[in-house]
>>> print(open('structure_18.cif').read())   # mmCIF, C-alpha atoms
data_entry
#
loop_
_atom_site.label_atom_id
_atom_site.label_comp_id
_atom_site.auth_asym_id
_atom_site.auth_seq_id
_atom_site.Cartn_x
_atom_site.Cartn_y
_atom_site.Cartn_z
CA ILE A 1 -4.49 76.62 -12.32
CA HIS A 2 -6.13 73.80 -10.39
CA GLY A 3 -6.32 74.57 -6.69
CA PHE A 4 -6.62 78.35 -7.07
CA GLY A 5 -9.51 80.74 -7.59
CA HIS A 6 -13.24 80.34 -6.99
CA PRO A 7 -16.15 81.41 -9.21
CA GLN A 8 -18.40 82.56 -6.33
CA HIS A 9 -15.99 83.75 -3.63
CA ASP A 10 -13.07 86.14 -3.38
CA ALA A 11 -11.66 83.64 -0.90
CA ASP A 12 -12.96 80.10 -0.46
CA PRO A 13 -14.25 80.03 3.16
CA ARG A 14 -13.54 76.31 3.44
CA VAL A 15 -9.81 76.95 3.06
CA ALA A 16 -9.61 79.09 6.20
CA ALA A 17 -11.63 76.56 8.18
CA LEU A 18 -9.52 73.59 7.11
CA ARG A 19 -6.25 75.46 7.56
CA SER A 20 -7.25 76.58 11.05
CA VAL A 21 -8.01 73.03 12.17
CA ALA A 22 -4.84 71.71 10.51
CA ASP A 23 -2.71 74.36 12.21
CA GLU A 24 -4.32 73.67 15.60
CA GLN A 25 -3.72 69.94 15.21
CA GLY A 26 -0.16 70.35 13.97
CA VAL A 27 -0.94 68.82 10.58
CA SER A 28 0.12 71.73 8.36
CA GLY A 29 3.54 70.91 7.01
CA VAL A 30 5.80 71.22 4.03
CA TYR A 31 3.01 70.87 1.44
CA CYS A 32 0.88 73.60 3.03
CA ALA A 33 3.99 75.80 3.07
CA LEU A 34 4.61 74.95 -0.58
CA LEU A 35 1.00 75.83 -1.43
CA ASP A 36 1.45 79.20 0.33
CA ALA A 37 4.59 79.86 -1.73
CA ILE A 38 2.83 78.91 -4.98
CA GLN A 39 -0.09 81.18 -4.11
CA ALA A 40 2.26 84.11 -3.44
CA ALA A 41 4.19 83.55 -6.69
CA LEU A 42 1.00 83.08 -8.70
CA SER A 43 -0.58 86.22 -7.25
CA GLU A 44 2.56 88.20 -8.04
CA SER A 45 2.73 86.89 -11.60
CA VAL A 46 -0.93 87.69 -12.43
CA GLY A 47 -0.88 91.02 -10.59
CA ARG A 48 -3.72 90.30 -8.19
CA HIS A 49 -4.46 88.01 -5.25
CA LEU A 50 -5.50 84.59 -6.47
CA PRO A 51 -6.64 82.60 -3.44
CA MET A 52 -6.32 78.86 -3.04
CA ASN A 53 -9.53 76.83 -3.15
CA ILE A 54 -10.76 73.64 -1.53
CA ASP A 55 -8.93 71.43 -4.02
CA GLY A 56 -5.59 73.10 -3.37
CA ILE A 57 -5.74 73.00 0.42
CA SER A 58 -7.17 69.48 0.41
CA ALA A 59 -4.33 68.18 -1.74
CA ALA A 60 -1.72 69.85 0.48
CA LEU A 61 -3.32 68.51 3.67
CA LEU A 62 -3.66 64.98 2.31
CA LEU A 63 0.04 65.00 1.45
CA ASP A 64 0.97 66.52 4.83
CA LEU A 65 -1.01 63.70 6.45
CA GLY A 66 1.19 61.22 4.59
CA LEU A 67 -1.52 59.77 2.37
CA ASP A 68 -0.62 58.29 -1.00
CA PRO A 69 -1.26 60.95 -3.69
CA ARG A 70 -3.35 58.42 -5.62
CA THR A 71 -5.98 58.61 -2.86
CA ALA A 72 -6.59 62.31 -3.45
CA ARG A 73 -8.92 61.94 -6.43
CA PRO A 74 -11.42 59.56 -4.76
CA ILE A 75 -11.31 61.53 -1.50
CA LEU A 76 -11.90 64.86 -3.27
CA MET A 77 -14.55 63.47 -5.63
CA ALA A 78 -16.66 61.71 -2.97
CA PRO A 79 -18.46 64.87 -1.73
CA ARG A 80 -19.15 66.00 -5.30
CA VAL A 81 -20.62 62.64 -6.27
CA LEU A 82 -22.80 62.51 -3.16
CA GLY A 83 -23.94 66.11 -3.70
#
>>> encode(input="structure_18.cif", output="structure tokens")
Amino acid sequence: IHGFGHPQHDADPRVAALRSVADEQGVSGVYCALLDAIQAALSESVGRHLPMNIDGISAALLLDLGLDPRTARPILMAPRVLG
């Protein structure tokens, strides 16, 4: 499922960093809460912890910031293209 799992990490370290800043700044909202609920349900259904990745937390934060969902793809693709 897009937004969950990582091929090199048990937990994507970028998620914790972004979530920490978002929580400190009061940006985490309903979409971050929804992502947490999806992660819990997904982990329960597959029988193991399946952590969110950078795409999942980025999408939730962009929505919590009030950005149009159509902006997510270019925002998330920019670092990959530049890399």
>>> atom_distance(input="structure_18.cif", atom1="CA of Ala17 in chain A", atom2="CA of Gly56 in chain A")
13.5 Å
>>> atom_distance(input="structure_18.cif", atom1="CA of Leu65 in chain A", atom2="CA of Pro51 in chain A")
22.1 Å
>>> atom_distance(input="structure_18.cif", atom1="CA of Asp10 in chain A", atom2="CA of Leu50 in chain A")
8.3 Å
>>> closest_residue(input="structure_18.cif", among="A:Val81, A:Asp64, A:Arg73, A:Val46", to="Val30 in chain A", atoms="all atoms listed in the file")
A:Asp64
>>> resolve_selection(input="structure_18.cif", expression="the PyMOL selection byres ((chain A and resi 38-45) around 12)", output="VMD selection string")
chain A and resid 1 to 5 31 to 37 46 to 53 56 to 57 60
>>> closest_residue(input="structure_18.cif", among="A:Ile75, A:Leu61, A:Asp55, A:His6", to="Val27 in chain A", atoms="all atoms listed in the file")
A:Leu61
>>> closest_residue(input="structure_18.cif", among="A:Gly66, A:Pro74, A:Gly29, A:Ile54", to="Arg14 in chain A", atoms="all atoms listed in the file")
A:Ile54
>>> build_atoms(input="structure_18.cif", residues="range 3-34 of chain A", atoms="N, CA and C atoms", output="mmCIF file, in the coordinates of the input")
data_model
loop_
_atom_site.group_PDB
_atom_site.id
_atom_site.type_symbol
_atom_site.label_atom_id
_atom_site.label_comp_id
_atom_site.auth_asym_id
_atom_site.auth_seq_id
_atom_site.Cartn_x
_atom_site.Cartn_y
_atom_site.Cartn_z
ATOM 1 N N GLY A 3 -6.625 74.288 -8.083
ATOM 2 C CA GLY A 3 -6.320 74.570 -6.690
ATOM 3 C C GLY A 3 -6.352 76.040 -6.325
ATOM 4 N N PHE A 4 -6.607 76.909 -7.329
ATOM 5 C CA PHE A 4 -6.620 78.350 -7.070
ATOM 6 C C PHE A 4 -7.825 78.991 -7.736
ATOM 7 N N GLY A 5 -8.368 80.021 -7.062
ATOM 8 C CA GLY A 5 -9.510 80.740 -7.590
ATOM 9 C C GLY A 5 -10.830 80.072 -7.230
ATOM 10 N N HIS A 6 -11.900 80.856 -7.277
ATOM 11 C CA HIS A 6 -13.240 80.340 -6.990
ATOM 12 C C HIS A 6 -14.248 81.218 -7.720
ATOM 13 N N PRO A 7 -15.205 80.611 -8.426
ATOM 14 C CA PRO A 7 -16.150 81.410 -9.210
ATOM 15 C C PRO A 7 -17.133 82.239 -8.374
ATOM 16 N N GLN A 8 -17.423 81.832 -7.137
ATOM 17 C CA GLN A 8 -18.400 82.560 -6.330
ATOM 18 C C GLN A 8 -17.817 83.340 -5.157
ATOM 19 N N HIS A 9 -16.566 83.111 -4.825
ATOM 20 C CA HIS A 9 -15.990 83.750 -3.630
ATOM 21 C C HIS A 9 -14.664 84.415 -3.968
ATOM 22 N N ASP A 10 -14.392 85.539 -3.280
ATOM 23 C CA ASP A 10 -13.070 86.140 -3.380
ATOM 24 C C ASP A 10 -12.046 85.261 -2.672
ATOM 25 N N ALA A 11 -12.483 84.611 -1.623
ATOM 26 C CA ALA A 11 -11.660 83.640 -0.900
ATOM 27 C C ALA A 11 -12.581 82.486 -0.508
ATOM 28 N N ASP A 12 -12.153 81.271 -0.780
ATOM 29 C CA ASP A 12 -12.960 80.100 -0.460
ATOM 30 C C ASP A 12 -13.001 79.939 1.064
ATOM 31 N N PRO A 13 -14.172 80.081 1.696
ATOM 32 C CA PRO A 13 -14.250 80.030 3.160
ATOM 33 C C PRO A 13 -13.847 78.683 3.743
ATOM 34 N N ARG A 14 -13.920 77.636 2.953
ATOM 35 C CA ARG A 14 -13.540 76.310 3.440
ATOM 36 C C ARG A 14 -12.036 76.205 3.671
ATOM 37 N N VAL A 15 -11.273 76.989 2.912
ATOM 38 C CA VAL A 15 -9.810 76.950 3.060
ATOM 39 C C VAL A 15 -9.406 77.420 4.453
ATOM 40 N N ALA A 16 -9.953 78.556 4.878
ATOM 41 C CA ALA A 16 -9.610 79.090 6.200
ATOM 42 C C ALA A 16 -10.004 78.120 7.305
ATOM 43 N N ALA A 17 -11.170 77.498 7.163
ATOM 44 C CA ALA A 17 -11.630 76.560 8.180
ATOM 45 C C ALA A 17 -10.721 75.332 8.264
ATOM 46 N N LEU A 18 -10.393 74.756 7.114
ATOM 47 C CA LEU A 18 -9.520 73.590 7.110
ATOM 48 C C LEU A 18 -8.119 73.928 7.594
ATOM 49 N N ARG A 19 -7.598 75.067 7.164
ATOM 50 C CA ARG A 19 -6.250 75.460 7.560
ATOM 51 C C ARG A 19 -6.178 75.708 9.056
ATOM 52 N N SER A 20 -7.215 76.311 9.617
ATOM 53 C CA SER A 20 -7.250 76.580 11.050
ATOM 54 C C SER A 20 -7.192 75.278 11.854
ATOM 55 N N VAL A 21 -8.003 74.321 11.477
ATOM 56 C CA VAL A 21 -8.010 73.030 12.170
ATOM 57 C C VAL A 21 -6.661 72.323 11.986
ATOM 58 N N ALA A 22 -6.130 72.359 10.774
ATOM 59 C CA ALA A 22 -4.840 71.710 10.510
ATOM 60 C C ALA A 22 -3.730 72.352 11.324
ATOM 61 N N ASP A 23 -3.721 73.667 11.417
ATOM 62 C CA ASP A 23 -2.710 74.360 12.210
ATOM 63 C C ASP A 23 -2.841 74.007 13.691
ATOM 64 N N GLU A 24 -4.081 74.001 14.190
ATOM 65 C CA GLU A 24 -4.320 73.670 15.600
ATOM 66 C C GLU A 24 -3.874 72.259 15.929
ATOM 67 N N GLN A 25 -4.060 71.344 14.986
ATOM 68 C CA GLN A 25 -3.720 69.940 15.210
ATOM 69 C C GLN A 25 -2.280 69.602 14.827
ATOM 70 N N GLY A 26 -1.547 70.571 14.341
ATOM 71 C CA GLY A 26 -0.160 70.350 13.970
ATOM 72 C C GLY A 26 0.018 69.534 12.701
ATOM 73 N N VAL A 27 -0.968 69.591 11.822
ATOM 74 C CA VAL A 27 -0.940 68.820 10.580
ATOM 75 C C VAL A 27 -0.309 69.603 9.432
ATOM 76 N N SER A 28 -0.444 70.922 9.442
ATOM 77 C CA SER A 28 0.120 71.730 8.360
ATOM 78 C C SER A 28 1.624 71.511 8.320
ATOM 79 N N GLY A 29 2.117 71.195 7.140
ATOM 80 C CA GLY A 29 3.540 70.910 7.010
ATOM 81 C C GLY A 29 4.122 71.493 5.754
ATOM 82 N N VAL A 30 5.048 70.749 5.186
ATOM 83 C CA VAL A 30 5.800 71.220 4.030
ATOM 84 C C VAL A 30 4.909 71.474 2.815
ATOM 85 N N TYR A 31 3.863 70.677 2.613
ATOM 86 C CA TYR A 31 3.010 70.870 1.440
ATOM 87 C C TYR A 31 2.094 72.084 1.598
ATOM 88 N N CYS A 32 1.644 72.364 2.809
ATOM 89 C CA CYS A 32 0.880 73.600 3.030
ATOM 90 C C CYS A 32 1.789 74.808 2.827
ATOM 91 N N ALA A 33 3.033 74.718 3.283
ATOM 92 C CA ALA A 33 3.990 75.800 3.070
ATOM 93 C C ALA A 33 4.268 75.986 1.578
ATOM 94 N N LEU A 34 4.391 74.875 0.858
ATOM 95 C CA LEU A 34 4.610 74.950 -0.580
ATOM 96 C C LEU A 34 3.413 75.597 -1.276
#
